[in-house]
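Remarks on the structure that follows.
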Amino acid sequence: MQTLHGFSLVIPDYDAAIDFYCGVLGFQLAEDIDQGHKRWVRILPPGASQGSLILARADGDRQCGVIGDQFGGRVGLFLHTDDFARDHSAMVAKGVVFEEAPRVEPYGTVAVWQDPFGNRWDLLQLS
């Protein structure tokens with residue numbers, strides 16, 4: 001058996017990303033280990049036990065250049081919810097920027113939003 005442990009998201013600052021994801025969105029800070037020159041920061045969506053997001057602080061011009069564009073302008077992150085209306089309302093109330101009104105697609109209810117670093121996400125409740 002194999003599972004996806006997580007994936008990295010290049011961000012400009014560890015603490016700013018933790019403040020947004022954990023403070024605003026309610027993600028769980030699973031690990032924050034100082035490694036001297038960098039930190040191992042792993043977060044999980046509320047209630048999740050796997051599917052980690054590894055926050056990776058940009059190091060150098062090349063990495064700084066991809067912040068907010070790691071997916072070439074496409075939505076590259078998908079936050080699944082069991083109650084779209086509840087989570088959409090809570091996110092809007094906390095100042096999360098949605099690019100569009102919620103829409104119903106054959107696979108479920110979805111709306112695109114951005115984190116403060118420019119990464120595009122779907123909030124998604126599957127049908």
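Quick note on naming: the chains in the structure tokens go A, B, ... in the order shown, residues restart at 1 in each chain, and ligands are numbered from 1 in order of appearance.
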task = Can you list, as number ranges by chain, all residues belonging to range 1-98 of chain A that DSSP tags as strand (DSSP E)?
result = A: 6-11, 28-34, 39-44, 52-57, 77-80, 97-98
Go ahead and write the residues just picked, N, CA, C and O atoms, as a tab-separated table (two decimals), in the first residue's frame.
```
chain	number	residue	atom	x	y	z
A	6	GLY	N	2.36	13.94	1.44
A	6	GLY	CA	2.17	15.36	1.33
A	6	GLY	C	2.89	15.90	0.12
A	6	GLY	O	3.47	15.16	-0.66
A	7	PHE	N	2.83	17.20	-0.03
A	7	PHE	CA	3.55	17.86	-1.09
A	7	PHE	C	3.95	19.24	-0.61
A	7	PHE	O	3.35	19.80	0.31
A	8	SER	N	4.97	19.79	-1.24
A	8	SER	CA	5.50	21.09	-0.83
A	8	SER	C	4.78	22.23	-1.53
A	8	SER	O	4.42	22.13	-2.70
A	9	LEU	N	4.63	23.30	-0.78
A	9	LEU	CA	4.12	24.55	-1.32
A	9	LEU	C	5.14	25.62	-0.97
A	9	LEU	O	5.43	25.85	0.21
A	10	VAL	N	5.73	26.23	-1.99
A	10	VAL	CA	6.74	27.25	-1.77
A	10	VAL	C	6.04	28.54	-1.33
A	10	VAL	O	5.12	29.01	-2.00
A	11	ILE	N	6.48	29.06	-0.21
A	11	ILE	CA	5.88	30.25	0.39
A	11	ILE	C	7.00	31.25	0.72
A	11	ILE	O	8.16	30.86	0.82
A	28	GLN	N	-4.33	22.30	10.99
A	28	GLN	CA	-3.60	21.84	12.17
A	28	GLN	C	-2.10	21.88	11.87
A	28	GLN	O	-1.65	21.40	10.83
A	29	LEU	N	-1.34	22.46	12.79
A	29	LEU	CA	0.11	22.45	12.67
A	29	LEU	C	0.59	21.09	13.19
A	29	LEU	O	0.60	20.85	14.38
A	30	ALA	N	0.96	20.21	12.27
A	30	ALA	CA	1.37	18.85	12.64
A	30	ALA	C	2.82	18.81	13.11
A	30	ALA	O	3.15	18.09	14.04
A	31	GLU	N	3.69	19.58	12.43
A	31	GLU	CA	5.11	19.61	12.79
A	31	GLU	C	5.69	20.97	12.43
A	31	GLU	O	5.34	21.55	11.41
A	32	ASP	N	6.57	21.45	13.28
A	32	ASP	CA	7.36	22.65	13.00
A	32	ASP	C	8.72	22.43	13.65
A	32	ASP	O	8.91	22.69	14.83
A	33	ILE	N	9.65	21.91	12.86
A	33	ILE	CA	10.96	21.50	13.37
A	33	ILE	C	12.03	22.40	12.78
A	33	ILE	O	12.20	22.46	11.55
A	34	ASP	N	12.74	23.09	13.64
A	34	ASP	CA	13.83	23.96	13.22
A	34	ASP	C	15.02	23.09	12.82
A	34	ASP	O	15.50	22.28	13.60
A	39	ARG	N	13.14	25.13	8.13
A	39	ARG	CA	12.23	24.44	9.05
A	39	ARG	C	11.44	23.40	8.28
A	39	ARG	O	11.18	23.56	7.09
A	40	TRP	N	11.09	22.33	8.96
A	40	TRP	CA	10.18	21.31	8.44
A	40	TRP	C	8.81	21.66	9.02
A	40	TRP	O	8.57	21.47	10.21
A	41	VAL	N	7.94	22.24	8.18
A	41	VAL	CA	6.62	22.68	8.63
A	41	VAL	C	5.58	21.90	7.85
A	41	VAL	O	5.49	22.00	6.62
A	42	ARG	N	4.80	21.11	8.59
A	42	ARG	CA	3.78	20.26	7.98
A	42	ARG	C	2.43	20.61	8.60
A	42	ARG	O	2.29	20.64	9.82
A	43	ILE	N	1.45	20.89	7.73
A	43	ILE	CA	0.11	21.23	8.19
A	43	ILE	C	-0.92	20.31	7.55
A	43	ILE	O	-0.67	19.71	6.51
A	44	LEU	N	-2.06	20.20	8.22
A	44	LEU	CA	-3.15	19.35	7.76
A	44	LEU	C	-4.45	20.13	7.81
A	44	LEU	O	-4.68	20.91	8.74
A	52	SER	N	-0.76	15.85	3.88
A	52	SER	CA	-0.09	17.02	4.43
A	52	SER	C	0.31	18.03	3.37
A	52	SER	O	0.62	17.68	2.24
A	53	LEU	N	0.35	19.26	3.79
A	53	LEU	CA	0.93	20.34	3.01
A	53	LEU	C	2.22	20.71	3.72
A	53	LEU	O	2.22	21.02	4.92
A	54	ILE	N	3.35	20.61	3.01
A	54	ILE	CA	4.64	20.96	3.56
A	54	ILE	C	4.95	22.39	3.14
A	54	ILE	O	5.02	22.68	1.94
A	55	LEU	N	5.07	23.29	4.10
A	55	LEU	CA	5.36	24.68	3.79
A	55	LEU	C	6.87	24.84	3.63
A	55	LEU	O	7.63	24.57	4.56
A	56	ALA	N	7.28	25.25	2.44
A	56	ALA	CA	8.70	25.34	2.11
A	56	ALA	C	9.04	26.79	1.79
A	56	ALA	O	8.60	27.33	0.77
A	57	ARG	N	9.81	27.43	2.67
A	57	ARG	CA	10.20	28.83	2.44
A	57	ARG	C	11.13	28.92	1.24
A	57	ARG	O	12.10	28.16	1.12
A	77	LEU	N	-4.55	23.27	-6.12
A	77	LEU	CA	-4.79	22.78	-4.78
A	77	LEU	C	-6.30	22.65	-4.59
A	77	LEU	O	-7.05	23.54	-5.00
A	78	PHE	N	-6.71	21.57	-3.97
A	78	PHE	CA	-8.13	21.26	-3.87
A	78	PHE	C	-8.46	20.93	-2.42
A	78	PHE	O	-8.00	19.93	-1.89
A	79	LEU	N	-9.24	21.81	-1.79
A	79	LEU	CA	-9.64	21.62	-0.40
A	79	LEU	C	-11.05	21.04	-0.40
A	79	LEU	O	-12.02	21.72	-0.73
A	80	HIS	N	-11.14	19.77	-0.04
A	80	HIS	CA	-12.42	19.07	-0.01
A	80	HIS	C	-13.14	19.37	1.29
A	80	HIS	O	-12.53	19.42	2.36
A	97	VAL	N	-10.29	35.52	-0.25
A	97	VAL	CA	-10.70	36.07	-1.53
A	97	VAL	C	-11.11	34.95	-2.49
A	97	VAL	O	-10.28	34.12	-2.87
A	98	PHE	N	-12.39	34.95	-2.87
A	98	PHE	CA	-12.89	34.02	-3.88
A	98	PHE	C	-12.91	34.73	-5.22
A	98	PHE	O	-13.31	35.89	-5.31
```
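Using only C-alpha atoms, the contacts of His88 in chain A at a cut-off of 9 Å, with sequence neighbours closer than 4 positions omitted, comprise Asp83, Phe84, Val92, Ala93, Pro102, Ala111 and Leu123 of chain A.
For the residues A:Tyr107, A:Phe117, A:Phe27, A:Phe20, ranking by smallest atom-to-atom distance to Val66 in chain A using only C-alpha atoms places A:Phe117 first.
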task = Would you list the contacts of Lys94 in chain A as a PyMOL selection string, taking every protein, DNA or RNA residue within 9 Å and counting only C-alpha atoms, but skipping same-chain residues closer than 4 positions in sequence?
result = chain A and resi 24-25+89-90
For the residues selected in the previous step, produce a file with N, CA and C atoms as a PDB file, in the first residue's frame.
```pdb
ATOM      1  N   VAL A  24      -6.227  31.468  10.179  1.00  0.00           N
ATOM      2  CA  VAL A  24      -7.439  31.866   9.454  1.00  0.00           C
ATOM      3  C   VAL A  24      -8.274  30.648   9.056  1.00  0.00           C
ATOM      4  N   LEU A  25      -7.629  29.661   8.442  1.00  0.00           N
ATOM      5  CA  LEU A  25      -8.379  28.516   7.905  1.00  0.00           C
ATOM      6  C   LEU A  25      -8.583  27.381   8.897  1.00  0.00           C
ATOM      7  N   SER A  89     -18.951  30.212   3.600  1.00  0.00           N
ATOM      8  CA  SER A  89     -19.370  31.361   4.421  1.00  0.00           C
ATOM      9  C   SER A  89     -18.312  31.729   5.455  1.00  0.00           C
ATOM     10  N   ALA A  90     -17.757  30.736   6.116  1.00  0.00           N
ATOM     11  CA  ALA A  90     -16.731  30.992   7.133  1.00  0.00           C
ATOM     12  C   ALA A  90     -15.488  31.606   6.508  1.00  0.00           C
TER      13      ALA A  90
END
```
Those in range 1-50 of chain A with alpha helix (DSSP H) from DSSP, as a PDB file with N, CA and C atoms, in the first residue's frame:
```
ATOM      1  N   TYR A  14       7.600  31.324   6.602  1.00  0.00           N
ATOM      2  CA  TYR A  14       6.942  30.273   7.381  1.00  0.00           C
ATOM      3  C   TYR A  14       5.824  30.811   8.256  1.00  0.00           C
ATOM      4  N   ASP A  15       6.136  31.821   9.043  1.00  0.00           N
ATOM      5  CA  ASP A  15       5.164  32.295  10.028  1.00  0.00           C
ATOM      6  C   ASP A  15       3.935  32.920   9.384  1.00  0.00           C
ATOM      7  N   ALA A  16       4.119  33.640   8.286  1.00  0.00           N
ATOM      8  CA  ALA A  16       2.969  34.214   7.575  1.00  0.00           C
ATOM      9  C   ALA A  16       2.070  33.110   7.039  1.00  0.00           C
ATOM     10  N   ALA A  17       2.678  32.048   6.520  1.00  0.00           N
ATOM     11  CA  ALA A  17       1.887  30.926   5.996  1.00  0.00           C
ATOM     12  C   ALA A  17       1.176  30.187   7.128  1.00  0.00           C
ATOM     13  N   ILE A  18       1.859  29.968   8.240  1.00  0.00           N
ATOM     14  CA  ILE A  18       1.223  29.324   9.393  1.00  0.00           C
ATOM     15  C   ILE A  18       0.076  30.187   9.905  1.00  0.00           C
TER      16      ILE A  18
END
```
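Residue nearest Pro12 in chain A, chosen from A:Gln63, A:Thr109, A:Gln70, A:Ser49 and counting only C-alpha atoms: A:Gln63.
In this model, the gap between CA of Val104 in chain A and CA of Trp121 in chain A comes to 16.1 Å.
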request  = Would you kindly return, as a PyMOL selection string, each protein, DNA or RNA residue with an atom no farther than 10 Å from any atom of Gly76 in chain A, considering only C-alpha atoms and excluding same-chain residues fewer than 5 positions away?
outcome  = chain A and resi 69-71+119-122
